[in-house]
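The structure appears below as structure tokens.
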Amino acid sequence: MKIKLFLKKTNLLLALLVIGLSNSLYAQVEINVGGAVERGKPIAVVPFKVLDGTSFEHDIHTVVANDLFATGKFEPIPSEKFLTLPSRKEEVRAKDWRLINAEVLVYGEIWNLGSDRFEVQFRIHDITTDEQLGAAIRIPNFSKANIRAVAHMVSDKVYEAVTKRKGAFNSQIAYVKKTEIEYQRYRYKIMVADWDGYDAREVFASWNPILSPDWSPDSKKIAFVSVTSRGPIVRVLTLATGTTEDIATFEGVNSAPAWSPDGTKLAYSSSKHGSPDIFIYDTITRQHKRVNTHYGIDTEPSWGKYGQTLLFTSNRSRKPQIYEYNLNDESVSRLTFEGDENANASYDEDGKKLVMVHEGGSIVLMDLRSGDLMWLTKAKFDESPSFSPNGDMVLYMTEQGFEPTMIVASVDGRVRTKVEFVRGDVREPAWSPLRK
Amino acid sequence: MKLNSGLILTILVSLTLSACAPKKEGPVVDEKPVEVAPVVDNTPKFPYEGTNLTAQQLRALGINGNPLDEKVVYFEYNSTAIDRRSQVILGAHAYNLAKSAGTAVTLDGHADERGTRDYNLSLGERRAQVVSEFLAANGARSNNKTVSYGEERPVDSAHTEAAWAKNRRVEIKY
């Protein structure tokens, strides 16, 4: 059975209006696709009680509600509706929460330990069974400035307790920001930020256009393409030092780097032999190996979970389509047949589906077993999709009123949130692996 | 004196008459085009080197003047095919570049914003390569270098068919 979810423009406008008027607390964009889809789990995140009254720049409960909302699996209840504001176990009465249809309750306290040290303790309560989910959770010894990171940890714990899946709220995003320094003269920067775009910091800058940032599995390096006057080259940035290493500088186009899951290899596309082929660079032996050859364009490699397969885009059938290369038997099979063009594919965490750019500008998921497509967006210019490290969300670029806009969509297509704190002419977002 | 002047007048008149006499015999109207014809022959039928098209035929292809002054060729969406206009322009450049060996030529390939950035890098390169191959196949003895900027350097950043058409290009620099 084919599942196709189409976005209706009117729904988007309506959702924007409703959200804008009623609740600025939660994410800015919600789109309900396709009509009859199940709702997220109603959750109440109570403002954490700060015992000594210290005021923080951000509220934990707001950050947590935003995080959970973006996954599509939760529907945070606005705190104005809460009848009580418990911070301790003995203050929780299930009845108060059933009245507002909450199914999960999160509440806790923040202690000031002195000298800019704080501690959080919180609990997750299943209202339907009136039982606490797991033990109380403590996040000890953090400084005031790290309140958002702590909030994202709370989100991860709640997400894991309720969905039994890993949370991805403590991961980061990298993206490219283009800034006009003087008339028609641009500076390109690689930025790294929290998943919601907060705390963006510049990690690399260049006068040459930058594309395709890709995180190493240990999150310590970012491979990228620099479009120089001699041609595009593949480089690797080490985040701790800010130093770069040139990996592929062959004559022609070198592009689309992708780290292998074990972090020892980089797949990329190079036209050093004429037409663009997929190569693998081994960071240990420092050898480059061509893994396939075809007179067409072969580019945008992306590794399977175990490093045994590579997805890539090829126009060997005249238009770009997605192919899969098996490193063991060196076979190539075409995966996409629906639509004139499919490009820039990557597997999800489970290797069960892939996300790609369909027909030049829609973000589409494909079930690898059935081949069925599910439209996350039906658009003209959406691009650069990447899965969250747990596979439950997709980060991509779109345009809203001619402004480049970064969006996170839940993989069920139910919810989309604007990556709130990202500003400027941004492109090419890439979601980091989970912090280890 | 009067006789003399009368004589001179008579001679002048008779000379004039005799000069007019052959005209009256032949077809007067046909004579003038015959005099103009050599002027037409002086302008070459094909005004520019390296093309066998008339100025009018060039104009029909959107080339006003010397094809050598055209330094940009354009492509259809997702295509690397060289159309008629490009063939004429590149033919003229190839003829020009055949005169001396080793001229350094840079061919900058570009794509429009549609499609993914990495794919467009490769597409831009293919376009530049196709142009390079066309020049060589038509006699150019230049030293060609192909560079791709993908969709990163549009000449028109509007999201319109017209803008895209301008951005899908190869720039010929030498």
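Labels for the structure tokens follow display order: chains A, B, ..., residues from 1 in each chain, ligands from 1.
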
Spatial neighbours of Ile322 in chain A, 8 Å, only C-alpha atoms, chain gap at least 5 places, as an MDAnalysis selection string: chainID A and resid 311:314 334:336 342:345

Given a cut-off of 10 Å, which residues of chain A touch chain B, counting only C-alpha atoms, written out as a PyMOL selection string? chain A and resi 208-212+225+227-232+251-257+269-271+274-276+296-300+313-315+318-320+341-344+357-361+380-384+402+428

Closest to Gly102 in chain B among B:Val170, B:Ala81, B:Leu135, B:Ala140, using only C-alpha atoms?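 Of the candidates, the smallest distance to Gly102 in chain B is held by B:Ala140.
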
DSSP-assigned helix (DSSP H, G or I) among range 39-104 of chain B, expressed as a list of chain:residue names: B:Val39, B:Val40, B:Asp41, B:Asn42, B:Ala55, B:Gln56, B:Gln57, B:Leu58, B:Arg59, B:Ala60, B:Pro67, B:Leu68, B:Asp69, B:Arg84, B:Arg85, B:Ser86, B:Gln87, B:Val88, B:Ile89, B:Leu90, B:Gly91, B:Ala92, B:His93, B:Ala94, B:Tyr95, B:Asn96, B:Leu97

Generate a file of the selected residues that holds N, CA and C atoms, formatted as a PDB file, in the first residue's frame.
ATOM      1  N   VAL B  39      29.831  46.130 -55.640  1.00  0.00           N
ATOM      2  CA  VAL B  39      29.869  46.553 -54.234  1.00  0.00           C
ATOM      3  C   VAL B  39      29.358  45.424 -53.349  1.00  0.00           C
ATOM      4  N   VAL B  40      28.255  44.778 -53.744  1.00  0.00           N
ATOM      5  CA  VAL B  40      27.689  43.657 -53.004  1.00  0.00           C
ATOM      6  C   VAL B  40      28.714  42.518 -52.930  1.00  0.00           C
ATOM      7  N   ASP B  41      29.350  42.264 -53.992  1.00  0.00           N
ATOM      8  CA  ASP B  41      30.339  41.188 -54.039  1.00  0.00           C
ATOM      9  C   ASP B  41      31.503  41.441 -53.088  1.00  0.00           C
ATOM     10  N   ASN B  42      31.784  42.728 -52.824  1.00  0.00           N
ATOM     11  CA  ASN B  42      32.906  43.048 -51.942  1.00  0.00           C
ATOM     12  C   ASN B  42      32.653  42.628 -50.495  1.00  0.00           C
ATOM     13  N   ALA B  55      24.897  37.372 -41.702  1.00  0.00           N
ATOM     14  CA  ALA B  55      24.597  38.189 -40.516  1.00  0.00           C
ATOM     15  C   ALA B  55      23.143  38.004 -40.109  1.00  0.00           C
ATOM     16  N   GLN B  56      22.300  37.876 -41.126  1.00  0.00           N
ATOM     17  CA  GLN B  56      20.873  37.716 -40.856  1.00  0.00           C
ATOM     18  C   GLN B  56      20.602  36.374 -40.175  1.00  0.00           C
ATOM     19  N   GLN B  57      21.268  35.343 -40.674  1.00  0.00           N
ATOM     20  CA  GLN B  57      21.091  34.020 -40.061  1.00  0.00           C
ATOM     21  C   GLN B  57      21.613  34.014 -38.622  1.00  0.00           C
ATOM     22  N   LEU B  58      22.702  34.748 -38.394  1.00  0.00           N
ATOM     23  CA  LEU B  58      23.254  34.845 -37.039  1.00  0.00           C
ATOM     24  C   LEU B  58      22.260  35.539 -36.111  1.00  0.00           C
ATOM     25  N   ARG B  59      21.673  36.627 -36.657  1.00  0.00           N
ATOM     26  CA  ARG B  59      20.714  37.369 -35.834  1.00  0.00           C
ATOM     27  C   ARG B  59      19.538  36.484 -35.446  1.00  0.00           C
ATOM     28  N   ALA B  60      19.132  35.602 -36.358  1.00  0.00           N
ATOM     29  CA  ALA B  60      18.022  34.693 -36.081  1.00  0.00           C
ATOM     30  C   ALA B  60      18.352  33.778 -34.899  1.00  0.00           C
ATOM     31  N   PRO B  67      30.233  36.350 -33.710  1.00  0.00           N
ATOM     32  CA  PRO B  67      30.024  35.273 -32.724  1.00  0.00           C
ATOM     33  C   PRO B  67      31.176  35.182 -31.718  1.00  0.00           C
ATOM     34  N   LEU B  68      32.338  35.671 -32.108  1.00  0.00           N
ATOM     35  CA  LEU B  68      33.481  35.640 -31.186  1.00  0.00           C
ATOM     36  C   LEU B  68      33.274  36.542 -29.976  1.00  0.00           C
ATOM     37  N   ASP B  69      32.375  37.531 -30.127  1.00  0.00           N
ATOM     38  CA  ASP B  69      32.100  38.412 -28.999  1.00  0.00           C
ATOM     39  C   ASP B  69      31.183  37.745 -27.975  1.00  0.00           C
ATOM     40  N   ARG B  84      22.076  24.851 -31.370  1.00  0.00           N
ATOM     41  CA  ARG B  84      22.523  25.455 -32.630  1.00  0.00           C
ATOM     42  C   ARG B  84      23.296  26.756 -32.382  1.00  0.00           C
ATOM     43  N   ARG B  85      22.747  27.607 -31.503  1.00  0.00           N
ATOM     44  CA  ARG B  85      23.414  28.877 -31.217  1.00  0.00           C
ATOM     45  C   ARG B  85      24.809  28.618 -30.659  1.00  0.00           C
ATOM     46  N   SER B  86      24.875  27.697 -29.702  1.00  0.00           N
ATOM     47  CA  SER B  86      26.164  27.395 -29.081  1.00  0.00           C
ATOM     48  C   SER B  86      27.141  26.814 -30.101  1.00  0.00           C
ATOM     49  N   GLN B  87      26.618  25.990 -30.998  1.00  0.00           N
ATOM     50  CA  GLN B  87      27.488  25.393 -32.015  1.00  0.00           C
ATOM     51  C   GLN B  87      28.155  26.478 -32.859  1.00  0.00           C
ATOM     52  N   VAL B  88      27.360  27.493 -33.220  1.00  0.00           N
ATOM     53  CA  VAL B  88      27.889  28.574 -34.051  1.00  0.00           C
ATOM     54  C   VAL B  88      28.958  29.366 -33.287  1.00  0.00           C
ATOM     55  N   ILE B  89      28.621  29.701 -32.033  1.00  0.00           N
ATOM     56  CA  ILE B  89      29.559  30.477 -31.218  1.00  0.00           C
ATOM     57  C   ILE B  89      30.839  29.689 -30.985  1.00  0.00           C
ATOM     58  N   LEU B  90      30.682  28.444 -30.594  1.00  0.00           N
ATOM     59  CA  LEU B  90      31.858  27.623 -30.292  1.00  0.00           C
ATOM     60  C   LEU B  90      32.650  27.317 -31.569  1.00  0.00           C
ATOM     61  N   GLY B  91      31.930  27.208 -32.708  1.00  0.00           N
ATOM     62  CA  GLY B  91      32.608  26.992 -33.991  1.00  0.00           C
ATOM     63  C   GLY B  91      33.528  28.162 -34.304  1.00  0.00           C
ATOM     64  N   ALA B  92      33.017  29.373 -34.055  1.00  0.00           N
ATOM     65  CA  ALA B  92      33.828  30.572 -34.304  1.00  0.00           C
ATOM     66  C   ALA B  92      35.037  30.610 -33.373  1.00  0.00           C
ATOM     67  N   HIS B  93      34.807  30.253 -32.111  1.00  0.00           N
ATOM     68  CA  HIS B  93      35.925  30.235 -31.162  1.00  0.00           C
ATOM     69  C   HIS B  93      36.941  29.166 -31.548  1.00  0.00           C
ATOM     70  N   ALA B  94      36.434  28.015 -31.963  1.00  0.00           N
ATOM     71  CA  ALA B  94      37.339  26.927 -32.350  1.00  0.00           C
ATOM     72  C   ALA B  94      38.208  27.369 -33.525  1.00  0.00           C
ATOM     73  N   TYR B  95      37.588  28.046 -34.519  1.00  0.00           N
ATOM     74  CA  TYR B  95      38.324  28.532 -35.686  1.00  0.00           C
ATOM     75  C   TYR B  95      39.413  29.507 -35.243  1.00  0.00           C
ATOM     76  N   ASN B  96      39.023  30.384 -34.343  1.00  0.00           N
ATOM     77  CA  ASN B  96      39.958  31.383 -33.817  1.00  0.00           C
ATOM     78  C   ASN B  96      41.106  30.720 -33.052  1.00  0.00           C
ATOM     79  N   LEU B  97      40.749  29.716 -32.274  1.00  0.00           N
ATOM     80  CA  LEU B  97      41.748  29.048 -31.431  1.00  0.00           C
ATOM     81  C   LEU B  97      42.583  28.036 -32.221  1.00  0.00           C
TER      82      LEU B  97
END

Using only C-alpha atoms, which residues sit within 8 Å of Ile60 in chain A once same-chain residues fewer than 4 positions away are excluded, as a count of residues only? 7

Excluding same-chain residues fewer than 4 positions from Lys177 in chain A, what lies within 7 Å of it counting only C-alpha atoms, as a count of residues only? 8

Backbone DSSP call of strand (DSSP E) for range 134-237 of chain A, listed as a ChimeraX atom specification: /A:137-142,172-182,185-194,201-206,210-215,221-228,231-237

So what do you get for CA of Val106 in chain A versus CA of Met406 in chain A, distance-wise?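 Distance between the two atoms: 28.7 Å.
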
Excluding same-chain residues fewer than 2 positions from Glu171 in chain B, what lies within 9 Å of it counting only C-alpha atoms, as an NGL selection string? :B and (71-74 or 106-110 or 128 or 169 or 173)

Write out, as a compact mmCIF listing (two decimals), in the first residue's frame, the residues just selected, with N, CA and C atoms.
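Saved file again.txt follows:
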# COMPACT_ATOMS: atom_id res chain seq x y z
N LYS B 71 30.65 35.16 -25.30
CA LYS B 71 31.55 34.37 -24.45
C LYS B 71 30.82 33.39 -23.55
N VAL B 72 29.49 33.33 -23.72
CA VAL B 72 28.71 32.44 -22.86
C VAL B 72 27.79 31.58 -23.72
N VAL B 73 27.76 30.29 -23.45
CA VAL B 73 26.78 29.43 -24.11
C VAL B 73 25.85 28.85 -23.04
N TYR B 74 24.61 28.60 -23.44
CA TYR B 74 23.57 28.21 -22.49
C TYR B 74 23.04 26.80 -22.76
N THR B 106 39.88 28.99 -20.18
CA THR B 106 39.18 28.46 -19.01
C THR B 106 37.70 28.38 -19.32
N LEU B 107 37.12 27.23 -19.06
CA LEU B 107 35.70 27.03 -19.30
C LEU B 107 35.02 26.82 -17.95
N ASP B 108 34.23 27.81 -17.54
CA ASP B 108 33.54 27.76 -16.25
C ASP B 108 32.13 27.22 -16.43
N GLY B 109 31.87 26.07 -15.86
CA GLY B 109 30.55 25.45 -15.99
C GLY B 109 29.64 25.81 -14.82
N HIS B 110 28.39 26.10 -15.14
CA HIS B 110 27.42 26.48 -14.10
C HIS B 110 26.09 25.75 -14.30
N ALA B 128 31.07 22.06 -18.98
CA ALA B 128 32.37 22.63 -19.36
C ALA B 128 33.17 21.62 -20.20
N ARG B 169 24.97 27.62 -17.80
CA ARG B 169 25.86 28.21 -18.80
C ARG B 169 27.28 27.70 -18.67
N LYS B 173 36.57 31.76 -21.31
CA LYS B 173 37.48 32.84 -20.93
C LYS B 173 38.87 32.62 -21.53

For the atom pair CA of Asn52 in chain B and CA of Asn143 in chain B, what is the interatomic distance in Å to one decimal place?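 Those two atoms sit 25.3 Å apart.
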
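Counting only C-alpha atoms, range 306-309 of chain A has the following residues at most 9 Å away, ignoring those fewer than 2 positions along the same chain: Ser260, Pro261, Asp262, Ser302, Trp303, Gly304, Leu311, Glu324, Tyr325, Asn326, Leu327 and Asn328 of chain A.
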
Output N, CA and C atoms of each residue in that selection to a file, as a PDB file, in the first residue's frame.
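What landed in part14.pdb:
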ATOM      1  N   SER A 260      32.491   7.075   6.651  1.00  0.00           N
ATOM      2  CA  SER A 260      32.015   5.711   6.891  1.00  0.00           C
ATOM      3  C   SER A 260      31.592   5.612   8.355  1.00  0.00           C
ATOM      4  N   PRO A 261      30.722   4.658   8.694  1.00  0.00           N
ATOM      5  CA  PRO A 261      30.217   4.563  10.073  1.00  0.00           C
ATOM      6  C   PRO A 261      31.327   4.365  11.113  1.00  0.00           C
ATOM      7  N   ASP A 262      32.451   3.753  10.713  1.00  0.00           N
ATOM      8  CA  ASP A 262      33.542   3.567  11.681  1.00  0.00           C
ATOM      9  C   ASP A 262      34.520   4.748  11.675  1.00  0.00           C
ATOM     10  N   SER A 302      26.568   7.878   0.245  1.00  0.00           N
ATOM     11  CA  SER A 302      26.116   7.876   1.639  1.00  0.00           C
ATOM     12  C   SER A 302      26.172   6.434   2.142  1.00  0.00           C
ATOM     13  N   TRP A 303      26.776   6.241   3.314  1.00  0.00           N
ATOM     14  CA  TRP A 303      27.047   4.881   3.793  1.00  0.00           C
ATOM     15  C   TRP A 303      25.867   4.242   4.481  1.00  0.00           C
ATOM     16  N   GLY A 304      25.781   2.920   4.328  1.00  0.00           N
ATOM     17  CA  GLY A 304      24.859   2.127   5.134  1.00  0.00           C
ATOM     18  C   GLY A 304      25.431   1.965   6.530  1.00  0.00           C
ATOM     19  N   LEU A 311      24.903   4.361  -0.881  1.00  0.00           N
ATOM     20  CA  LEU A 311      23.916   4.940  -1.780  1.00  0.00           C
ATOM     21  C   LEU A 311      24.631   5.980  -2.620  1.00  0.00           C
ATOM     22  N   GLU A 324      22.361   1.800  -5.309  1.00  0.00           N
ATOM     23  CA  GLU A 324      23.037   1.268  -4.130  1.00  0.00           C
ATOM     24  C   GLU A 324      24.191   0.387  -4.594  1.00  0.00           C
ATOM     25  N   TYR A 325      25.348   0.669  -4.040  1.00  0.00           N
ATOM     26  CA  TYR A 325      26.541  -0.108  -4.369  1.00  0.00           C
ATOM     27  C   TYR A 325      26.846  -1.030  -3.196  1.00  0.00           C
ATOM     28  N   ASN A 326      27.055  -2.291  -3.483  1.00  0.00           N
ATOM     29  CA  ASN A 326      27.397  -3.252  -2.437  1.00  0.00           C
ATOM     30  C   ASN A 326      28.901  -3.477  -2.451  1.00  0.00           C
ATOM     31  N   LEU A 327      29.549  -3.113  -1.352  1.00  0.00           N
ATOM     32  CA  LEU A 327      31.014  -3.188  -1.334  1.00  0.00           C
ATOM     33  C   LEU A 327      31.528  -4.625  -1.322  1.00  0.00           C
ATOM     34  N   ASN A 328      30.683  -5.555  -0.910  1.00  0.00           N
ATOM     35  CA  ASN A 328      31.132  -6.943  -0.848  1.00  0.00           C
ATOM     36  C   ASN A 328      31.190  -7.582  -2.229  1.00  0.00           C
TER      37      ASN A 328
END
